[in-house]
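Asker: Sharing a structure below in structure tokens format, with a few things to ask.
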Amino acid sequence: MRRLVINPARKGAAINKNIYGHFAEHLGRCIYGGIFVGASSQIPNVNGMRTDVVEALKAIKAPVLRWPGGCFADEYHWMDGIGSQAGRKNMINTHWGGVVEDNSFGTHEFFELCAQIGCDPYITGNVGSGTVREMSEWVEYITFDGVSPMAGLRRENGREAPWKLPFFGVGNENWGCGGNMCAGTYARTYRQYQTYVREYAENKIAKIACGPNSDDYEWTQTMMDNCHCRKGHKGGANFRMDGLSLHYYTYPGGRENRGSALHFDYEKYFQTLGEALRMEALIRGHSFIMDQYDPEKTVGLVVDEWGTWYDVEEGTNPGFLYQQNTMRDAIVAGVTLNTFNNHCDRVVMANIAQTVNVLQAVILTQDEKMILTPTYHVFDLYKGHQDALLLESYVEAQDILCGEYAIPDLHVSASQGGDGAIRATLVNLSPNREQAIKCGLGELNIKSAAARVLAGAMDAYNDFDAPGIVQPGPLEGITIHGGEIDFVLPACAVAEIVIDAGGSLVQGS
């Protein structure tokens with residue numbers, strides 16, 4: 001029997017709800033057909049937004065949505081996506097499939113979507129092919145409430161009041177598709193562009209800089225050295241970096257040997273999880289550098305693109321990045337979200353790539369049909385962590401081996417919410433061995449405990465003919481013995497355990 005220890009007396013930082021964020025790019029069928037079908041569609045919608053997708057995202061309390069990209073952001077010119085639909089320009093989406101982008105989903109539609117979901121908007125501005133003026137005028141169009149050309153244009157287009165814009169990204173992947181810049185060039189560009197991301201009236205904007213690709217620690221060093229506004233810096237309030245992004249995708253076998261999302265063996269399963277677990281080392285490495293410049297942790301690490309990336313499904317456009325989603329992906333999501341929780345002192349936002357029909361999507365659509373993926377259900381199991389206080393936790397894990405790959409068999413994070421309830425999210429990475437668990441809370445007596453679990457074969461998935469094959473259910477057989485609970489966690493499983501120990505929430509560490 002393995003021990004799981006949760007220490008309610010050792011509390012850490014609050015787990016920012018935005019760690020459970022999402023990302024929607026103009027890529028494949030993420031926006032068109034996935035989220036937006038147009039007001040005239042026979043698919044049920046409100047102002048063009050698919051009702052089923054909106055309701056599903058509301059159900060998991062999606063807190064923030066990043067848009068319009070991604071690589072698409074640095075070729076997107078926002079003025080092409082406002083005004084009457086008939087007057088909007090067509091463009092070629094050169095990054096993703098070479099298809100025609102008709103700009104029918106633009107600024108007004110994005111804010112409508114966020115309002116329906118009840119989430120915060122996170123916009124990424126165009127640095128790669130855009131101008132300082134274009135970026136500045138977009139922020140003015142969105143947030144200014146006075147008399148100005150952009151505020152007047154917004155009103156002409158039917159929106160009187162400004163919107164709230166809490167997050168703005170100054171470019172995307174500027175080391176690659178966003179301009180192929182070196183770190184020094186982008187740092188200077190960031191300092192210039194962020195100056196004109198103005199804050200009007202009560203709208204406060206967190207400015208997020210393009211950070212490193214995976215383990216490019218030199219990029220992080222350069223950005224912190226040149227763009228972190230230390231106390232007394234002559235830039236003052238006009239020079240600020242509130243967040244630094246990090247992009248990391250799980251490519252089992254590397255980008256050239258990713259394999260199928262559905263058809264894989266034990267070796268590929270272990271390889272995938274081994275690559276996903278690298279997130280821990282990446283966060284530690286980049287945080288170490290950031291701590292040298294910012295020990296107060298005023299600059300948040302924003303992992304605004306993460307997830308699995310396999311070969312596209314057979315018969316689909318290779319530029320659309322459509323892939324199915326199995327229990328393997330659920331395990332990746334579980335350990336990744338646990339990792340973010342456990343580093344919530346520095347990680348303040350994360351955005352899975354992507355929301356619908358692209359890469360590790362939480363939702364898949366096919367015409368009027370919609371399915372919730374195993375990854376979606378992990379977000380549902382973990383939503384109780386949002387804004388809760390991290391608790392110290394430890395689980396006795398053992399390495400499991402397959403060929404040259406070794407991964408721990410158990411992974412955990414825990415928190416305590418404002419209601420006093422203690423939640424642990426526990427992942428069994430073993431594809432074929434259940435685990436008997438004994439969980440203790442130190443000196444606290446446990447009044448009650450309940451759990452939900454998502455489990456199945458490593459390659460189990462939901463499809464449009466059988467949408468309910470993989471879904472959470474109650475974890476049976478929990479027993480309570482004073483300050484401990486016993487239960488058995490199935491193989492290849494993600495569980496949420498909710499414990500009532502009769503304690504109120506007390507700040508501390």
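To be explicit about the labels: the chains of the structure tokens are called A, B, and onward in the order shown, and within each one the residues are counted from 1, while ligands get numbers from 1 in the order they are shown.
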As a list in words, which residues of segment 285-371 of chain A does DSSP assign to strand (DSSP E)?
Answerer: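 Taking segment 285-371 of chain A and keeping strand (DSSP E) gives Gly300, Leu301, Val302, Val303, Asp304, Glu305, Trp306, Gly307, Thr308, Val347, Val348, Met349, Ala350, Asn351, Ile352, Ala353, Ile363, Leu364, Thr365, Gln366, Lys369, Met370 and Ile371 of chain A.
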Asker: With DSSP run on the backbone, what are the helix (DSSP H, G or I) residues within segment 170-251 of chain A? I'd like them as an MDAnalysis selection string.
Answerer: chainID A and resid 183:195 217:227 236:238
Asker: Could you turn the residues from that selection into a file that holds N, CA, C and O atoms, as a tab-separated table (two decimals), in the first residue's frame?
Answerer:
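Full text of selection09.tsv as output:
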```tsv
chain	number	residue	atom	x	y	z
A	183	ALA	N	17.11	36.79	-29.19
A	183	ALA	CA	16.59	37.27	-27.91
A	183	ALA	C	16.82	38.76	-27.72
A	183	ALA	O	15.93	39.48	-27.25
A	184	GLY	N	18.01	39.24	-28.08
A	184	GLY	CA	18.30	40.66	-27.89
A	184	GLY	C	17.42	41.55	-28.75
A	184	GLY	O	16.95	42.61	-28.30
A	185	THR	N	17.17	41.13	-29.99
A	185	THR	CA	16.31	41.92	-30.88
A	185	THR	C	14.89	41.98	-30.33
A	185	THR	O	14.26	43.04	-30.29
A	186	TYR	N	14.38	40.82	-29.88
A	186	TYR	CA	13.01	40.84	-29.35
A	186	TYR	C	12.94	41.66	-28.07
A	186	TYR	O	11.96	42.39	-27.85
A	187	ALA	N	13.93	41.56	-27.20
A	187	ALA	CA	13.90	42.33	-25.95
A	187	ALA	C	13.78	43.82	-26.24
A	187	ALA	O	13.00	44.54	-25.61
A	188	ARG	N	14.56	44.31	-27.22
A	188	ARG	CA	14.45	45.72	-27.58
A	188	ARG	C	13.09	46.04	-28.19
A	188	ARG	O	12.50	47.09	-27.93
A	189	THR	N	12.58	45.11	-29.01
A	189	THR	CA	11.28	45.32	-29.63
A	189	THR	C	10.18	45.33	-28.58
A	189	THR	O	9.26	46.16	-28.63
A	190	TYR	N	10.27	44.43	-27.63
A	190	TYR	CA	9.27	44.39	-26.56
A	190	TYR	C	9.23	45.71	-25.79
A	190	TYR	O	8.16	46.26	-25.52
A	191	ARG	N	10.40	46.22	-25.45
A	191	ARG	CA	10.45	47.48	-24.69
A	191	ARG	C	9.75	48.60	-25.46
A	191	ARG	O	9.07	49.44	-24.86
A	192	GLN	N	9.92	48.61	-26.77
A	192	GLN	CA	9.26	49.64	-27.58
A	192	GLN	C	7.76	49.41	-27.64
A	192	GLN	O	6.96	50.32	-27.34
A	193	TYR	N	7.35	48.21	-28.03
A	193	TYR	CA	5.92	47.94	-28.27
A	193	TYR	C	5.10	48.05	-26.99
A	193	TYR	O	3.99	48.59	-27.00
A	194	GLN	N	5.62	47.52	-25.88
A	194	GLN	CA	4.82	47.54	-24.65
A	194	GLN	C	4.54	48.96	-24.17
A	194	GLN	O	3.57	49.20	-23.46
A	195	THR	N	5.40	49.90	-24.56
A	195	THR	CA	5.19	51.30	-24.18
A	195	THR	C	3.83	51.81	-24.64
A	195	THR	O	3.18	52.60	-23.95
A	217	TYR	N	17.06	28.62	-22.16
A	217	TYR	CA	17.29	29.40	-20.94
A	217	TYR	C	17.99	30.73	-21.23
A	217	TYR	O	17.82	31.70	-20.49
A	218	GLU	N	18.73	30.78	-22.32
A	218	GLU	CA	19.39	32.03	-22.69
A	218	GLU	C	18.35	33.10	-23.01
A	218	GLU	O	18.55	34.28	-22.69
A	219	TRP	N	17.24	32.69	-23.66
A	219	TRP	CA	16.18	33.66	-23.96
A	219	TRP	C	15.60	34.25	-22.67
A	219	TRP	O	15.43	35.48	-22.56
A	220	THR	N	15.35	33.40	-21.70
A	220	THR	CA	14.82	33.88	-20.42
A	220	THR	C	15.81	34.82	-19.75
A	220	THR	O	15.44	35.87	-19.21
A	221	GLN	N	17.08	34.45	-19.77
A	221	GLN	CA	18.11	35.30	-19.17
A	221	GLN	C	18.13	36.67	-19.83
A	221	GLN	O	18.17	37.71	-19.14
A	222	THR	N	18.07	36.71	-21.15
A	222	THR	CA	18.11	37.98	-21.87
A	222	THR	C	16.89	38.83	-21.55
A	222	THR	O	17.00	40.05	-21.33
A	223	MET	N	15.72	38.21	-21.52
A	223	MET	CA	14.50	38.97	-21.24
A	223	MET	C	14.51	39.53	-19.82
A	223	MET	O	14.15	40.70	-19.61
A	224	MET	N	14.91	38.75	-18.86
A	224	MET	CA	14.93	39.24	-17.49
A	224	MET	C	15.98	40.31	-17.31
A	224	MET	O	15.79	41.27	-16.55
A	225	ASP	N	17.09	40.20	-18.01
A	225	ASP	CA	18.16	41.17	-17.90
A	225	ASP	C	17.79	42.50	-18.52
A	225	ASP	O	18.21	43.57	-18.04
A	226	ASN	N	16.97	42.46	-19.57
A	226	ASN	CA	16.67	43.68	-20.32
A	226	ASN	C	15.26	44.23	-20.12
A	226	ASN	O	15.03	45.42	-20.38
A	227	CYS	N	14.34	43.41	-19.66
A	227	CYS	CA	12.94	43.83	-19.66
A	227	CYS	C	12.25	43.79	-18.31
A	227	CYS	O	11.11	44.21	-18.19
A	236	GLY	N	10.13	53.43	-15.01
A	236	GLY	CA	8.95	53.69	-14.20
A	236	GLY	C	7.75	52.89	-14.65
A	236	GLY	O	7.86	51.77	-15.14
A	237	ALA	N	6.57	53.48	-14.49
A	237	ALA	CA	5.31	52.79	-14.77
A	237	ALA	C	5.11	52.53	-16.25
A	237	ALA	O	4.26	51.73	-16.62
A	238	ASN	N	5.86	53.23	-17.12
A	238	ASN	CA	5.67	53.05	-18.55
A	238	ASN	C	6.44	51.87	-19.12
A	238	ASN	O	6.35	51.56	-20.30
```
Asker: Given the choices A:Ala13, A:Val5, A:Val362, A:Leu113, which gets closest to Val37 of chain A if the distance is worked out from only C-alpha atoms?
Answerer: A:Leu113
Asker: In Å to one decimal, how far is atom CA of Phe340 of chain A from atom CA of Gln116 of chain A?
Answerer: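 Those two atoms sit 26.8 Å apart.
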Asker: Would you compute the distance between atom CA of Gly482 of chain A and atom CA of Met1 of chain A? Give it in Å to one decimal.
Answerer: 17.6 Å
Asker: If you count only C-alpha atoms, which residues fall within 7 Å of Ile363 of chain A, apart from same-chain ones fewer than 4 positions away, as a ChimeraX atom specification?
Answerer: /A:355-357,371-373,376
Asker: Measuring atom to atom with only C-alpha atoms, identify which of A:Ile142, A:Ile92, A:Val348, A:Leu282 is nearest to Thr107 of chain A.
Answerer: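 Of A:Ile142, A:Ile92, A:Val348, A:Leu282, the one nearest Thr107 of chain A is A:Ile142, counting only C-alpha atoms.
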Asker: So which residues touch Gln85 of chain A within 9 Å, counting only C-alpha atoms, skipping near sequence neighbours fewer than 4 positions away, as a list in words?
Answerer: Gly81, Lys89, Asp102, Asn103 and Ser104 of chain A
Asker: Write the residues of the selection above to a file with all heavy atoms, as a tab-separated table (two decimals), in the first residue's frame.
Answerer:
```
chain	number	residue	atom	x	y	z
A	81	GLY	N	-10.97	42.61	-39.27
A	81	GLY	CA	-11.98	41.79	-38.62
A	81	GLY	C	-13.02	42.60	-37.86
A	81	GLY	O	-13.60	42.10	-36.88
A	89	LYS	N	-12.10	41.98	-45.08
A	89	LYS	CA	-11.16	41.47	-46.08
A	89	LYS	C	-10.93	39.98	-45.93
A	89	LYS	O	-10.89	39.45	-44.83
A	89	LYS	CB	-9.82	42.19	-45.95
A	89	LYS	CG	-9.85	43.67	-46.26
A	89	LYS	CD	-8.45	44.27	-46.09
A	89	LYS	CE	-8.44	45.77	-46.36
A	89	LYS	NZ	-7.09	46.34	-46.14
A	102	ASP	N	-11.83	34.53	-43.79
A	102	ASP	CA	-12.74	35.61	-44.19
A	102	ASP	C	-12.94	36.67	-43.12
A	102	ASP	O	-13.70	37.63	-43.30
A	102	ASP	CB	-14.08	35.05	-44.65
A	102	ASP	CG	-14.89	34.41	-43.51
A	102	ASP	OD1	-14.43	34.45	-42.34
A	102	ASP	OD2	-15.98	33.88	-43.81
A	103	ASN	N	-12.27	36.50	-41.97
A	103	ASN	CA	-12.32	37.48	-40.89
A	103	ASN	C	-13.73	37.69	-40.33
A	103	ASN	O	-14.01	38.73	-39.72
A	103	ASN	CB	-11.73	38.82	-41.34
A	103	ASN	CG	-10.21	38.82	-41.30
A	103	ASN	OD1	-9.61	38.58	-40.25
A	103	ASN	ND2	-9.58	39.05	-42.45
A	104	SER	N	-14.60	36.70	-40.49
A	104	SER	CA	-15.94	36.85	-39.93
A	104	SER	C	-15.94	36.73	-38.40
A	104	SER	O	-16.90	37.15	-37.74
A	104	SER	CB	-16.89	35.81	-40.54
A	104	SER	OG	-16.42	34.49	-40.33
```
Asker: Considering only C-alpha atoms, return as a VMD selection string whatever protein or nucleic-acid residues lie within 10 Å of segment 70-80 of chain A, sequence-local ones (same chain, fewer than 3 positions apart) excluded.
Answerer: chain A and resid 23 to 27 66 to 67 83 85 87 to 96 102 to 104 106 to 107 123 to 131 134 to 135 137 to 138 141 169 to 174 176 to 179 304 to 305 353
Asker: With a distance cut-off of 9 Å and only C-alpha atoms, select the neighbouring residues of Ser287 of chain A, excluding the residue or stretch itself and same-chain residues fewer than 6 positions from it, and output the selection as JSON, numbers by chain.
Answerer: {"A": [301, 346, 347]}
Asker: Segment 459-500 of chain A near segment 420-429 of chain A within 9 Å: what's each residue's closest atom pair and its distance in Å to one decimal, counting only C-alpha atoms, ordered by chain then ascending residue number, as JSON lines?
Answerer:
```
{"residue": "A:Leu489", "atom": "CA", "partner": "A:Asn428", "partner_atom": "CA", "distance": 7.0}
{"residue": "A:Pro490", "atom": "CA", "partner": "A:Asn428", "partner_atom": "CA", "distance": 7.3}
{"residue": "A:Ala491", "atom": "CA", "partner": "A:Asn428", "partner_atom": "CA", "distance": 6.0}
{"residue": "A:Cys492", "atom": "CA", "partner": "A:Leu429", "partner_atom": "CA", "distance": 5.4}
{"residue": "A:Ala493", "atom": "CA", "partner": "A:Asn428", "partner_atom": "CA", "distance": 5.2}
{"residue": "A:Val494", "atom": "CA", "partner": "A:Val427", "partner_atom": "CA", "distance": 4.5}
{"residue": "A:Ala495", "atom": "CA", "partner": "A:Leu426", "partner_atom": "CA", "distance": 5.3}
{"residue": "A:Glu496", "atom": "CA", "partner": "A:Thr425", "partner_atom": "CA", "distance": 4.6}
{"residue": "A:Ile497", "atom": "CA", "partner": "A:Ala424", "partner_atom": "CA", "distance": 5.2}
{"residue": "A:Val498", "atom": "CA", "partner": "A:Arg423", "partner_atom": "CA", "distance": 4.6}
{"residue": "A:Ile499", "atom": "CA", "partner": "A:Ile422", "partner_atom": "CA", "distance": 5.1}
{"residue": "A:Asp500", "atom": "CA", "partner": "A:Ala421", "partner_atom": "CA", "distance": 5.3}
```
Asker: Dump C-alpha atoms for the selected residues as a short mmCIF file (atom, residue, chain, number, x, y, z; two decimals), in the first residue's frame?
Answerer:
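See selection-v2.cif below for the written result:
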```cif
data_model
loop_
_atom_site.label_atom_id
_atom_site.label_comp_id
_atom_site.auth_asym_id
_atom_site.auth_seq_id
_atom_site.Cartn_x
_atom_site.Cartn_y
_atom_site.Cartn_z
CA LEU A 489 -6.83 3.84 -7.62
CA PRO A 490 -7.37 2.01 -10.94
CA ALA A 491 -4.65 1.72 -13.55
CA CYS A 492 -4.32 4.58 -16.05
CA ALA A 493 -6.47 6.90 -13.98
CA VAL A 494 -6.92 10.48 -12.82
CA ALA A 495 -8.86 11.10 -9.61
CA GLU A 496 -10.14 13.99 -7.54
CA ILE A 497 -10.39 13.22 -3.82
CA VAL A 498 -12.42 15.68 -1.72
CA ILE A 499 -11.92 15.47 2.04
CA ASP A 500 -13.85 17.18 4.83
#
```
Asker: With only C-alpha atoms as the basis for distance, which of A:Phe379, A:Val488, A:Met241, A:Glu112 is at the shortest distance from Leu475 of chain A?
Answerer: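 So, comparing all the options, the nearest one is A:Val488.
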Asker: Do you have the atom CA of Thr272 of chain A-atom CA of Pro472 of chain A distance handy?
Answerer: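 If I compute the distance from atom CA of Thr272 of chain A to atom CA of Pro472 of chain A, I get 22.6 Å.
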